[in-house]
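Novice: My structure is in run23.cif, and what it holds is mmCIF, C-alpha atoms and all ligand atoms:
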```
data_data
loop_
_atom_site.label_atom_id
_atom_site.label_comp_id
_atom_site.auth_asym_id
_atom_site.auth_seq_id
_atom_site.Cartn_x
_atom_site.Cartn_y
_atom_site.Cartn_z
CA MET A 13 52.32 126.58 104.61
CA ARG A 14 53.36 122.96 104.17
CA PRO A 15 50.73 120.31 104.94
CA ARG A 16 51.13 118.81 108.43
CA ILE A 17 50.32 115.11 108.38
CA LEU A 18 50.17 112.53 111.16
CA VAL A 19 50.62 108.85 110.35
CA VAL A 20 49.86 106.22 112.97
CA GLY A 21 50.90 102.93 111.42
CA SER A 22 53.28 100.14 110.61
CA PHE A 23 56.95 99.73 109.85
CA ALA A 24 58.12 96.56 108.05
CA MET A 25 61.27 95.37 106.38
CA ASP A 26 60.26 93.88 103.04
CA LEU A 27 61.94 90.58 102.12
CA ILE A 28 61.39 90.59 98.38
CA VAL A 29 61.58 87.52 96.17
CA SER A 30 61.10 87.85 92.41
CA THR A 31 59.99 84.98 90.23
CA ASN A 32 58.80 84.43 86.66
CA ARG A 33 55.92 82.33 87.99
CA PHE A 34 54.25 82.13 91.41
CA PRO A 35 54.42 78.55 92.73
CA ASN A 36 51.19 76.63 93.23
CA SER A 37 50.43 75.26 96.69
CA GLY A 38 52.92 72.45 97.42
CA GLU A 39 55.15 73.42 94.49
CA THR A 40 58.72 74.80 94.46
CA VAL A 41 59.99 77.15 91.74
CA ILE A 42 63.40 78.73 91.20
CA GLY A 43 63.27 82.48 91.77
CA CYS A 44 65.20 85.15 89.92
CA GLY A 45 66.03 87.73 92.60
CA PHE A 46 66.08 88.60 96.29
CA GLN A 47 66.51 91.88 98.12
CA THR A 48 65.41 93.66 101.28
CA ALA A 49 63.85 97.13 101.24
CA PRO A 50 62.17 99.31 103.86
CA GLY A 51 58.40 99.12 103.76
CA GLY A 52 55.25 98.83 105.88
CA LYS A 53 52.13 100.65 104.73
CA GLY A 54 52.33 103.28 107.47
CA ALA A 55 56.00 104.05 106.97
CA ASN A 56 55.62 104.03 103.16
CA GLN A 57 52.84 106.61 103.35
CA ALA A 58 54.76 108.73 105.87
CA VAL A 59 57.94 108.65 103.76
CA GLN A 60 56.01 109.44 100.58
CA ALA A 61 54.23 112.44 102.09
CA ALA A 62 57.53 113.75 103.50
CA ARG A 63 59.34 113.35 100.16
CA LEU A 64 56.50 115.31 98.57
CA GLY A 65 57.14 118.21 100.95
CA ALA A 66 54.66 117.61 103.80
CA GLN A 67 55.70 117.88 107.46
CA VAL A 68 55.10 114.36 108.69
CA THR A 69 55.03 112.84 112.17
CA MET A 70 54.86 109.06 112.47
CA VAL A 71 53.71 107.10 115.51
CA GLY A 72 54.66 103.43 115.45
CA LYS A 73 56.73 100.69 117.04
CA VAL A 74 59.81 98.77 115.91
CA GLY A 75 61.88 96.08 117.60
CA ASN A 76 65.35 96.64 119.00
CA ASP A 77 67.08 95.05 115.98
CA SER A 78 68.84 95.91 112.74
CA TYR A 79 65.59 96.11 110.71
CA GLY A 80 64.08 98.53 113.19
CA LYS A 81 67.20 100.68 113.12
CA ALA A 82 67.31 100.75 109.31
CA LEU A 83 63.59 101.61 109.06
CA LEU A 84 63.91 104.52 111.47
CA GLU A 85 66.99 105.79 109.67
CA ILE A 86 65.36 105.92 106.24
CA ALA A 87 62.21 107.52 107.65
CA GLN A 88 64.32 110.25 109.26
CA GLU A 89 66.47 110.72 106.15
CA SER A 90 63.24 111.25 104.20
CA GLY A 91 62.19 113.96 106.67
CA VAL A 92 59.71 112.04 108.85
CA GLU A 93 59.62 113.08 112.51
CA VAL A 94 59.87 109.84 114.54
CA SER A 95 60.21 110.99 118.15
CA LYS A 96 56.83 109.37 118.90
CA THR A 97 57.87 106.05 117.40
CA THR A 98 59.29 103.69 120.01
CA VAL A 99 61.85 100.91 119.95
CA ILE A 100 60.84 97.95 122.11
CA ASP A 101 62.77 94.97 123.43
CA GLY A 102 61.71 91.34 123.11
CA VAL A 103 59.61 91.63 119.93
CA PRO A 104 61.04 91.72 116.39
CA THR A 105 60.42 94.53 113.94
CA GLY A 106 57.62 93.75 111.50
CA ILE A 107 58.56 92.09 108.22
CA ALA A 108 56.73 91.52 104.96
CA ASN A 109 57.32 88.60 102.64
CA VAL A 110 56.82 90.24 99.24
CA GLN A 111 56.61 87.93 96.23
CA ILE A 112 56.81 89.55 92.82
CA GLU A 113 55.90 87.74 89.63
CA ILE A 114 57.36 89.23 86.46
CA LYS A 115 55.64 87.61 83.52
CA ASP A 116 54.69 88.68 79.97
CA GLY A 117 55.93 92.22 80.67
CA LYS A 118 53.60 92.52 83.66
CA SER A 119 54.34 92.64 87.39
CA ALA A 120 52.07 91.30 90.15
CA ASN A 121 52.68 90.88 93.85
CA ARG A 122 51.55 88.88 96.88
CA ILE A 123 52.44 90.00 100.38
CA ILE A 124 52.39 88.26 103.77
CA VAL A 125 52.98 90.65 106.66
CA VAL A 126 54.27 89.39 110.02
CA PRO A 127 53.48 92.41 112.20
CA GLY A 128 55.87 91.88 115.14
CA ALA A 129 56.28 95.14 117.08
CA ASN A 130 53.51 96.86 115.07
CA MET A 131 50.89 94.92 117.01
CA LYS A 132 52.36 96.15 120.31
CA LEU A 133 51.05 99.69 119.88
CA GLU A 134 48.93 100.46 122.95
CA PRO A 135 46.43 103.17 123.86
CA GLN A 136 49.02 104.84 126.10
CA ASP A 137 51.26 105.38 123.03
CA ILE A 138 48.66 107.67 121.47
CA MET A 139 47.23 109.46 124.51
CA PHE A 140 49.36 112.53 123.70
CA LEU A 141 47.14 113.04 120.64
CA TYR A 142 44.26 114.23 122.83
CA ASP A 143 46.28 117.44 123.34
CA THR A 144 48.09 117.66 120.02
CA ILE A 145 45.95 116.33 117.19
CA GLU A 146 44.77 119.79 116.19
CA GLN A 147 48.32 120.55 115.01
CA TYR A 148 47.71 118.33 111.98
CA ASP A 149 45.85 118.99 108.74
CA MET A 150 45.22 115.29 108.12
CA VAL A 151 45.67 111.90 109.79
CA MET A 152 46.54 108.82 107.71
CA LEU A 153 45.69 105.32 108.97
CA GLN A 154 46.04 101.78 107.61
CA LEU A 155 45.21 98.37 109.11
CA GLU A 156 48.62 96.88 109.95
CA ILE A 157 48.40 97.88 113.65
CA PRO A 158 45.75 96.93 116.25
CA ILE A 159 42.35 98.09 115.01
CA GLN A 160 41.59 99.45 118.49
CA ILE A 161 44.44 101.97 118.09
CA ASN A 162 43.09 103.11 114.73
CA GLU A 163 39.64 103.50 116.25
CA ILE A 164 40.92 105.65 119.12
CA VAL A 165 43.01 107.87 116.83
CA ALA A 166 40.09 108.32 114.43
CA ARG A 167 37.78 109.22 117.33
CA ILE A 168 40.22 111.79 118.70
CA ALA A 169 40.69 113.34 115.25
CA TYR A 170 36.95 113.38 114.54
CA GLY A 171 36.28 115.04 117.89
CA LYS A 172 38.63 117.89 116.96
CA GLY A 173 37.56 118.17 113.32
CA VAL A 174 40.80 116.82 111.83
CA PRO A 175 40.15 114.82 108.61
CA VAL A 176 41.17 111.17 108.58
CA MET A 177 42.24 109.13 105.55
CA LEU A 178 41.84 105.38 106.05
CA ASN A 179 43.61 102.93 103.75
CA PRO A 180 41.70 99.76 104.72
CA ALA A 181 44.58 97.40 103.97
CA PRO A 182 44.80 94.55 104.65
CA ALA A 183 41.00 94.36 104.45
CA ALA A 184 39.18 93.80 107.75
CA PRO A 185 35.64 94.34 109.05
CA LEU A 186 35.13 98.00 110.08
CA SER A 187 32.57 99.13 112.65
CA HIS A 188 30.05 101.87 111.93
CA GLU A 189 31.51 103.87 114.87
CA PHE A 190 34.93 103.76 113.21
CA LEU A 191 33.67 104.57 109.71
CA LYS A 192 31.74 107.61 110.87
CA CYS A 193 35.05 109.15 112.06
CA ILE A 194 36.68 108.68 108.63
CA THR A 195 36.64 111.47 106.03
CA TYR A 196 38.40 109.66 103.17
CA ILE A 197 38.63 105.93 102.56
CA SER A 198 40.89 104.49 99.89
CA PRO A 199 40.79 100.72 99.28
CA ASN A 200 42.10 99.04 96.15
CA GLU A 201 39.64 97.06 94.03
CA HIS A 202 40.12 93.86 96.09
CA GLU A 203 39.65 95.62 99.43
CA ALA A 204 36.64 97.48 98.00
CA HIS A 205 35.11 94.10 97.11
CA ASP A 206 35.72 92.85 100.67
CA LEU A 207 34.18 95.99 102.17
CA THR A 208 31.16 96.34 99.91
CA GLY A 209 30.51 92.87 98.49
CA ILE A 210 30.67 94.45 95.00
CA ALA A 211 33.21 92.93 92.60
CA VAL A 212 34.93 95.97 91.08
CA THR A 213 35.47 95.00 87.46
CA ASP A 214 34.54 98.12 85.45
CA ASP A 215 33.51 101.78 85.80
CA GLU A 216 29.92 100.93 86.63
CA SER A 217 30.78 98.50 89.46
CA ALA A 218 33.45 100.90 90.75
CA LYS A 219 30.80 103.65 90.95
CA ARG A 220 28.41 101.37 92.83
CA ALA A 221 31.18 100.40 95.27
CA VAL A 222 32.08 104.07 95.83
CA GLU A 223 28.40 104.90 96.48
CA LYS A 224 28.13 102.03 98.94
CA LEU A 225 31.21 103.25 100.80
CA ASN A 226 29.67 106.75 100.92
CA ARG A 227 26.44 105.27 102.29
CA SER A 228 28.42 103.42 104.97
CA GLY A 229 29.21 106.82 106.48
CA VAL A 230 32.44 107.92 104.76
CA GLU A 231 32.05 111.24 102.96
CA ASN A 232 34.71 110.62 100.28
CA ALA A 233 35.68 107.27 98.77
CA ILE A 234 38.55 106.61 96.39
CA ILE A 235 39.11 103.19 94.85
CA THR A 236 42.50 102.57 93.27
CA LEU A 237 42.25 100.39 90.17
CA GLY A 238 45.85 99.55 89.27
CA ALA A 239 46.46 100.10 85.55
CA ASN A 240 43.00 101.70 85.28
CA GLY A 241 43.83 104.59 87.63
CA ALA A 242 41.37 105.52 90.35
CA VAL A 243 37.81 106.65 90.95
CA PHE A 244 36.64 109.20 93.52
CA GLY A 245 33.14 109.86 94.73
CA ASN A 246 31.19 111.89 97.26
CA LYS A 247 27.66 113.27 97.36
CA ASP A 248 28.49 115.97 94.79
CA SER A 249 30.65 114.22 92.24
CA PHE A 250 32.04 111.06 90.73
CA ILE A 251 35.43 111.33 89.00
CA LYS A 252 37.45 108.79 87.06
CA SER A 253 41.14 109.59 86.91
CA PRO A 254 43.20 107.47 84.47
CA ALA A 255 46.59 106.05 85.40
CA VAL A 256 49.63 107.92 84.09
CA GLU A 257 51.04 105.83 81.25
CA GLY A 258 54.37 105.71 79.49
CA LEU A 259 56.66 104.55 82.30
CA GLU A 260 57.91 100.99 82.61
CA ILE A 261 56.12 98.79 85.18
CA VAL A 262 58.80 97.16 87.32
CA ASP A 263 57.19 96.54 90.73
CA THR A 264 53.74 97.61 91.88
CA THR A 265 54.56 97.34 95.61
CA ALA A 266 53.63 100.56 97.47
CA ALA A 267 51.76 102.04 94.49
CA GLY A 268 48.71 102.47 96.73
CA ASP A 269 50.80 103.99 99.53
CA SER A 270 52.37 106.45 97.12
CA PHE A 271 48.97 107.36 95.65
CA ILE A 272 47.29 107.87 99.04
CA ALA A 273 50.10 109.95 100.54
CA ALA A 274 50.20 112.15 97.43
CA PHE A 275 46.41 112.52 97.40
CA CYS A 276 46.44 113.59 101.07
CA THR A 277 49.34 116.02 100.56
CA ALA A 278 47.57 117.66 97.64
CA THR A 279 44.22 117.77 99.44
CA CYS A 280 45.81 119.44 102.48
CA LEU A 281 47.21 122.06 100.09
CA GLY A 282 43.68 122.80 98.95
CA ALA A 283 43.68 120.87 95.66
CA GLU A 284 40.28 119.90 94.26
CA PRO A 285 39.79 116.10 93.99
CA GLU A 286 40.53 116.05 90.25
CA MET A 287 43.90 117.75 90.75
CA ALA A 288 44.73 115.67 93.83
CA LEU A 289 44.01 112.50 91.82
CA GLU A 290 46.28 113.67 88.98
CA PHE A 291 49.11 114.38 91.45
CA ALA A 292 48.53 111.00 93.16
CA ASN A 293 48.45 109.02 89.90
CA THR A 294 51.69 110.69 88.82
CA ALA A 295 53.47 109.77 92.08
CA ALA A 296 52.18 106.18 91.84
CA ALA A 297 53.33 105.82 88.20
CA ILE A 298 56.89 106.73 89.21
CA THR A 299 56.74 104.37 92.20
CA ILE A 300 55.86 101.37 90.07
CA SER A 301 58.63 102.12 87.60
CA ARG A 302 61.20 101.14 90.25
CA MET A 303 61.91 98.20 92.53
CA GLY A 304 61.02 98.05 96.25
CA ALA A 305 58.65 100.05 98.42
CA GLN A 306 60.45 103.03 99.95
CA PRO A 307 63.40 103.06 97.51
CA SER A 308 60.90 103.69 94.72
CA LEU A 309 58.88 106.54 96.28
CA PRO A 310 59.53 109.76 94.33
CA ASP A 311 60.30 113.23 95.66
CA ILE A 312 58.37 116.37 94.79
CA ASN A 313 60.72 117.43 91.99
CA GLU A 314 60.28 114.15 90.13
CA VAL A 315 56.50 114.31 90.42
CA LEU A 316 56.28 117.92 89.29
CA SER A 317 58.65 117.37 86.41
CA LEU A 318 56.52 114.48 85.11
CA MET A 319 53.35 116.55 85.53
CA LYS A 320 55.00 119.40 83.63
CA GLN A 321 56.06 117.06 80.83
CA ARG A 322 52.40 116.04 80.60
CA ARG A 323 51.45 119.74 80.40
CA LYS A 324 49.63 119.84 83.74
CA ASN A 325 49.45 123.03 85.75
CA ILE A 326 51.79 122.63 88.73
CA ASP A 327 51.64 126.17 90.18
CA MET A 328 49.82 125.20 93.37
CA PHE A 329 52.42 122.52 94.20
CA GLU A 330 55.49 124.78 93.89
CA ILE A 331 55.36 125.53 97.63
CA LEU A 332 56.21 121.87 98.32
CA ARG A 333 59.64 122.04 96.67
O1 LIG B 401 51.73 98.51 100.63
C1 LIG B 401 52.95 97.86 100.44
C2 LIG B 401 53.48 97.39 101.75
O2 LIG B 401 52.63 96.41 102.28
C3 LIG B 401 54.84 96.72 101.68
O3 LIG B 401 55.90 97.64 101.76
C4 LIG B 401 54.79 95.72 102.81
O4 LIG B 401 55.60 96.08 103.88
C5 LIG B 401 53.32 95.66 103.23
O5 LIG B 401 53.10 96.23 104.44
#
```
Could you rewrite the structure in this file as structure tokens?
Ligand code: RIB
Specialist:
Amino acid sequence: MRPRILVVGSFAMDLIVSTNRFPNSGETVIGCGFQTAPGGKGANQAVQAARLGAQVTMVGKVGNDSYGKALLEIAQESGVEVSKTTVIDGVPTGIANVQIEIKDGKSANRIIVVPGANMKLEPQDIMFLYDTIEQYDMVMLQLEIPIQINEIVARIAYGKGVPVMLNPAPAAPLSHEFLKCITYISPNEHEAHDLTGIAVTDDESAKRAVEKLNRSGVENAIITLGANGAVFGNKDSFIKSPAVEGLEIVDTTAAGDSFIAAFCTATCLGAEPEMALEFANTAAAITISRMGAQPSLPDINEVLSLMKQRRKNIDMFEILR
């Protein structure tokens, strides 16, 4: 059976500016490209899981405008069920100002999110989950909607034994009550630093940060490390999973979203952490080889064909095609 995943999160239209050098404060530079692309951490993760073959429902809010319409359309085209996402008047759809620096063959980004309708999610929008959350194998949350909504969803899921993946991005303080309802947490190295106070600079500091996240009450912690792949840890094991190399790096936007959605999809299928990390790193490598958030998220056939090329066993993922 296909994994059933619930995402409660954000939609944003990404306004992407590329430059060969980020400007300093007070400085103007001439850029080299502009485009819009559908994004938002919640929607990116929902779209990625759906393209990988999961059955995905997304709860969110968009404004009654062209960005909102476009975001809902692409989510639906990708297979995401959006009947619990609402369109509201008087507030614009969320946007993200994505700045990409392409320099010395490397790509880096900076993002400013203006949440708009995302911050209008209210407890009444998620009350239906009290009766329905058991339909899902996993819940995926991020921090681009009101934290109170995330806390309620996590509490409902925890109460019914449904695992929750939290992508704590953008970084924010998290209460012990919230963390104890989370089964998997996946920050990047910067967010891990904010959460643990440990600067993640090498394997040893990454391990200490993972252990600290485990001690904070989350059973499984995964830190994504960009070009260095990811680390996973729980009370039984610590695993380092290298990034998949060989593809061009064009734009790293949504790499984390792609990784997390793939990790959750594989875990729901019953994959052991090592295999789920391999699947997730493969999806993320394809994502960063293309421009834009959702336009770059791969489908299941692309991921499995790259895994096969790399002589990985893909038998357990065939059901997702
Ligand atoms: O994780 C990448 C996403 O963060 C972008 O698509 C942007 O919308 C921001 O939310």
Novice: Would you name the residues within 7 Å of ligand LIG 401 (chain B), counting all atoms listed in the file, and put them as a count of residues only?
Specialist: 18
Novice: Which residues are close to Val174 in chain A, i.e. within 8 Å by all atoms listed in the file, leaving aside same-chain residues fewer than 5 positions away? Reply as a list in words.
Specialist: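 Answer for this query is Ile145, Glu146, Tyr148, Asp149, Met150, Val151 and Ala169 of chain A.
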Novice: Closest to Val20 in chain A among A:Glu330, A:Glu93, A:Asp77, A:Glu231, using only C-alpha atoms?
Specialist: A:Glu93
Novice: Closest to Thr69 in chain A among A:Asn121, A:Thr31, A:Ser37, A:Gln147, using only C-alpha atoms?
Specialist: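 Under the stated criterion, the closest residue is A:Gln147.
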Novice: Taking all atoms listed in the file into account, which of A:Thr277, A:Gln111, A:Thr105, A:Ser308 comes nearest Gln67 in chain A?
Specialist: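 Looking only at the distances to Gln67 in chain A, the closest residue turns out to be A:Thr277.
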Novice: Quick one: residues within 9 Å of range 206-217 of chain A, all atoms listed in the file counted, chain neighbours fewer than 3 positions away excluded, as an mmCIF file with C-alpha atoms, in the frame of the given file?
Specialist:
```
data_model
loop_
_atom_site.group_PDB
_atom_site.id
_atom_site.type_symbol
_atom_site.label_atom_id
_atom_site.label_comp_id
_atom_site.auth_asym_id
_atom_site.auth_seq_id
_atom_site.Cartn_x
_atom_site.Cartn_y
_atom_site.Cartn_z
ATOM 1 C CA PRO A 180 41.700 99.760 104.720
ATOM 2 C CA ALA A 183 41.000 94.360 104.450
ATOM 3 C CA ALA A 184 39.180 93.800 107.750
ATOM 4 C CA PRO A 185 35.640 94.340 109.050
ATOM 5 C CA LEU A 186 35.130 98.000 110.080
ATOM 6 C CA PRO A 199 40.790 100.720 99.280
ATOM 7 C CA GLU A 201 39.640 97.060 94.030
ATOM 8 C CA HIS A 202 40.120 93.860 96.090
ATOM 9 C CA GLU A 203 39.650 95.620 99.430
ATOM 10 C CA ARG A 220 28.410 101.370 92.830
ATOM 11 C CA ALA A 221 31.180 100.400 95.270
ATOM 12 C CA VAL A 222 32.080 104.070 95.830
ATOM 13 C CA LYS A 224 28.130 102.030 98.940
ATOM 14 C CA LEU A 225 31.210 103.250 100.800
ATOM 15 C CA LEU A 237 42.250 100.390 90.170
ATOM 16 C CA VAL A 243 37.810 106.650 90.950
ATOM 17 C CA LYS A 252 37.450 108.790 87.060
#
```
Novice: Within 7 Å of Asn76 in chain A, counting all atoms listed in the file, which residues show up once you throw out same-chain ones fewer than 4 positions away? Write them as a ChimeraX atom specification, please.
Specialist: /A:80,99-101
Novice: Go ahead and save the picked residues with C-alpha atoms, as a short mmCIF file (atom, residue, chain, number, x, y, z; two decimals), keeping the file's coordinate frame.
Specialist:
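Okay, this is what ended up in result14.cif:
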```cif
data_model
loop_
_atom_site.label_atom_id
_atom_site.label_comp_id
_atom_site.auth_asym_id
_atom_site.auth_seq_id
_atom_site.Cartn_x
_atom_site.Cartn_y
_atom_site.Cartn_z
CA GLY A 80 64.08 98.53 113.19
CA VAL A 99 61.85 100.91 119.95
CA ILE A 100 60.84 97.95 122.11
CA ASP A 101 62.77 94.97 123.43
#
```
Novice: Mind listing whatever residues come within 10 Å of the point (56.0, 105.9, 116.1)? Use only C-alpha atoms, file coordinates, and give them as a CSV table (one decimal) with C-alpha atoms, in the frame of the given file.
Specialist:
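The result, stored in selection-v1.csv:
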```
chain,number,residue,atom,x,y,z
A,19,VAL,CA,50.6,108.8,110.4
A,20,VAL,CA,49.9,106.2,113.0
A,21,GLY,CA,50.9,102.9,111.4
A,22,SER,CA,53.3,100.1,110.6
A,23,PHE,CA,57.0,99.7,109.8
A,54,GLY,CA,52.3,103.3,107.5
A,55,ALA,CA,56.0,104.0,107.0
A,69,THR,CA,55.0,112.8,112.2
A,70,MET,CA,54.9,109.1,112.5
A,71,VAL,CA,53.7,107.1,115.5
A,72,GLY,CA,54.7,103.4,115.4
A,73,LYS,CA,56.7,100.7,117.0
A,74,VAL,CA,59.8,98.8,115.9
A,84,LEU,CA,63.9,104.5,111.5
A,93,GLU,CA,59.6,113.1,112.5
A,94,VAL,CA,59.9,109.8,114.5
A,95,SER,CA,60.2,111.0,118.2
A,96,LYS,CA,56.8,109.4,118.9
A,97,THR,CA,57.9,106.0,117.4
A,98,THR,CA,59.3,103.7,120.0
A,99,VAL,CA,61.8,100.9,120.0
A,130,ASN,CA,53.5,96.9,115.1
A,133,LEU,CA,51.0,99.7,119.9
A,137,ASP,CA,51.3,105.4,123.0
A,138,ILE,CA,48.7,107.7,121.5
```
Novice: Near Pro15 in chain A, within 12 Å and counting only C-alpha atoms, which residues show up once chain neighbours fewer than 2 positions away are dropped, as a PyMOL selection string?
Specialist: chain A and resi 13+17-18+61-62+64-69+147-151+273-283+329+331-332
Novice: Determine the nearest neighbour of Ile194 in chain A from the options A:Gly241, A:Gly258, A:Gly171, A:Gly43, counting all atoms listed in the file.
Specialist: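 So, comparing all the options, the nearest one is A:Gly171.
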Novice: Pick out the residues sitting within 10 Å of Ser187 in chain A, and hand them over as a PDB file with C-alpha atoms, in the coordinates of the input; count only C-alpha atoms, and ignore anything fewer than 3 positions along from it in its own chain.
Specialist:
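Result saved to around_35.pdb:
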```
ATOM      1  CA  GLU A 163      39.640 103.500 116.250  1.00  0.00           C
ATOM      2  CA  ALA A 184      39.180  93.800 107.750  1.00  0.00           C
ATOM      3  CA  PHE A 190      34.930 103.760 113.210  1.00  0.00           C
ATOM      4  CA  LEU A 191      33.670 104.570 109.710  1.00  0.00           C
ATOM      5  CA  LYS A 192      31.740 107.610 110.870  1.00  0.00           C
ATOM      6  CA  SER A 228      28.420 103.420 104.970  1.00  0.00           C
TER       7      SER A 228
END
```
Novice: Determine the nearest neighbour of Phe140 in chain A from the options A:Leu178, A:Ile164, A:Ile124, A:Val103, counting all atoms listed in the file.
Specialist: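 Using all atoms listed in the file, the shortest distance to Phe140 in chain A belongs to A:Ile164.
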Novice: What is the distance between CA of Ala181 in chain A and CA of Ala255 in chain A, in Å to one decimal?
Specialist: 20.6 Å
Novice: For a cutoff of 12 Å around the file-coordinate point (61.9, 113.1, 91.9), which residues qualify once you count all atoms listed in the file? I'd like the result as a list of chain:residue names.
Specialist: A:Gln60, A:Arg63, A:Leu64, A:Gly65, A:Thr294, A:Ala295, A:Ala296, A:Ala297, A:Ile298, A:Thr299, A:Pro307, A:Ser308, A:Leu309, A:Pro310, A:Asp311, A:Ile312, A:Asn313, A:Glu314, A:Val315, A:Leu316, A:Ser317, A:Leu318, A:Met319, A:Arg333
Novice: Rounded to one decimal place, report the CA of Asn246 in chain A-CA of Glu223 in chain A distance in Å.
Specialist: 7.6 Å
Novice: Using CA of Val176 in chain A and CA of Glu189 in chain A as the two end points, give the distance in Å to one decimal.
Specialist: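 Taking CA of Val176 in chain A as the start and CA of Glu189 in chain A as the end point, the length is 13.6 Å.
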Novice: N, CA and C atoms are what I want for range 33-47 of chain A; can you complete it accordingly and write them as a JSON list (two decimals), keeping the file's coordinate frame?
Specialist:
```json
[["chain", "number", "residue", "atom", "x", "y", "z"],
["A", 33, "ARG", "N", 57.23, 82.98, 87.82],
["A", 33, "ARG", "CA", 55.92, 82.33, 87.99],
["A", 33, "ARG", "C", 55.71, 82.04, 89.47],
["A", 34, "PHE", "N", 54.57, 82.47, 90.02],
["A", 34, "PHE", "CA", 54.25, 82.13, 91.41],
["A", 34, "PHE", "C", 54.10, 80.61, 91.52],
["A", 35, "PRO", "N", 54.64, 79.99, 92.58],
["A", 35, "PRO", "CA", 54.42, 78.55, 92.73],
["A", 35, "PRO", "C", 52.98, 78.26, 93.12],
["A", 36, "ASN", "N", 52.49, 77.08, 92.73],
["A", 36, "ASN", "CA", 51.19, 76.63, 93.23],
["A", 36, "ASN", "C", 51.40, 76.08, 94.63],
["A", 37, "SER", "N", 50.32, 75.83, 95.36],
["A", 37, "SER", "CA", 50.43, 75.26, 96.69],
["A", 37, "SER", "C", 51.16, 73.91, 96.60],
["A", 38, "GLY", "N", 52.18, 73.71, 97.41],
["A", 38, "GLY", "CA", 52.92, 72.45, 97.42],
["A", 38, "GLY", "C", 54.02, 72.37, 96.37],
["A", 39, "GLU", "N", 54.17, 73.44, 95.58],
["A", 39, "GLU", "CA", 55.15, 73.42, 94.49],
["A", 39, "GLU", "C", 56.34, 74.31, 94.84],
["A", 40, "THR", "N", 57.53, 73.96, 94.31],
["A", 40, "THR", "CA", 58.72, 74.80, 94.46],
["A", 40, "THR", "C", 59.11, 75.33, 93.08],
["A", 41, "VAL", "N", 59.45, 76.61, 93.01],
["A", 41, "VAL", "CA", 59.99, 77.15, 91.74],
["A", 41, "VAL", "C", 61.32, 77.82, 92.04],
["A", 42, "ILE", "N", 62.14, 78.00, 91.03],
["A", 42, "ILE", "CA", 63.40, 78.73, 91.20],
["A", 42, "ILE", "C", 63.12, 80.21, 90.95],
["A", 43, "GLY", "N", 63.50, 81.04, 91.90],
["A", 43, "GLY", "CA", 63.27, 82.48, 91.77],
["A", 43, "GLY", "C", 64.36, 83.16, 90.97],
["A", 44, "CYS", "N", 64.18, 84.46, 90.69],
["A", 44, "CYS", "CA", 65.20, 85.15, 89.92],
["A", 44, "CYS", "C", 65.78, 86.37, 90.63],
["A", 45, "GLY", "N", 65.41, 86.60, 91.90],
["A", 45, "GLY", "CA", 66.03, 87.73, 92.60],
["A", 45, "GLY", "C", 65.58, 87.80, 94.05],
["A", 46, "PHE", "N", 66.44, 88.38, 94.88],
["A", 46, "PHE", "CA", 66.08, 88.60, 96.29],
["A", 46, "PHE", "C", 66.70, 89.91, 96.75],
["A", 47, "GLN", "N", 65.95, 90.68, 97.49],
["A", 47, "GLN", "CA", 66.51, 91.88, 98.12],
["A", 47, "GLN", "C", 65.65, 92.29, 99.31]]
```
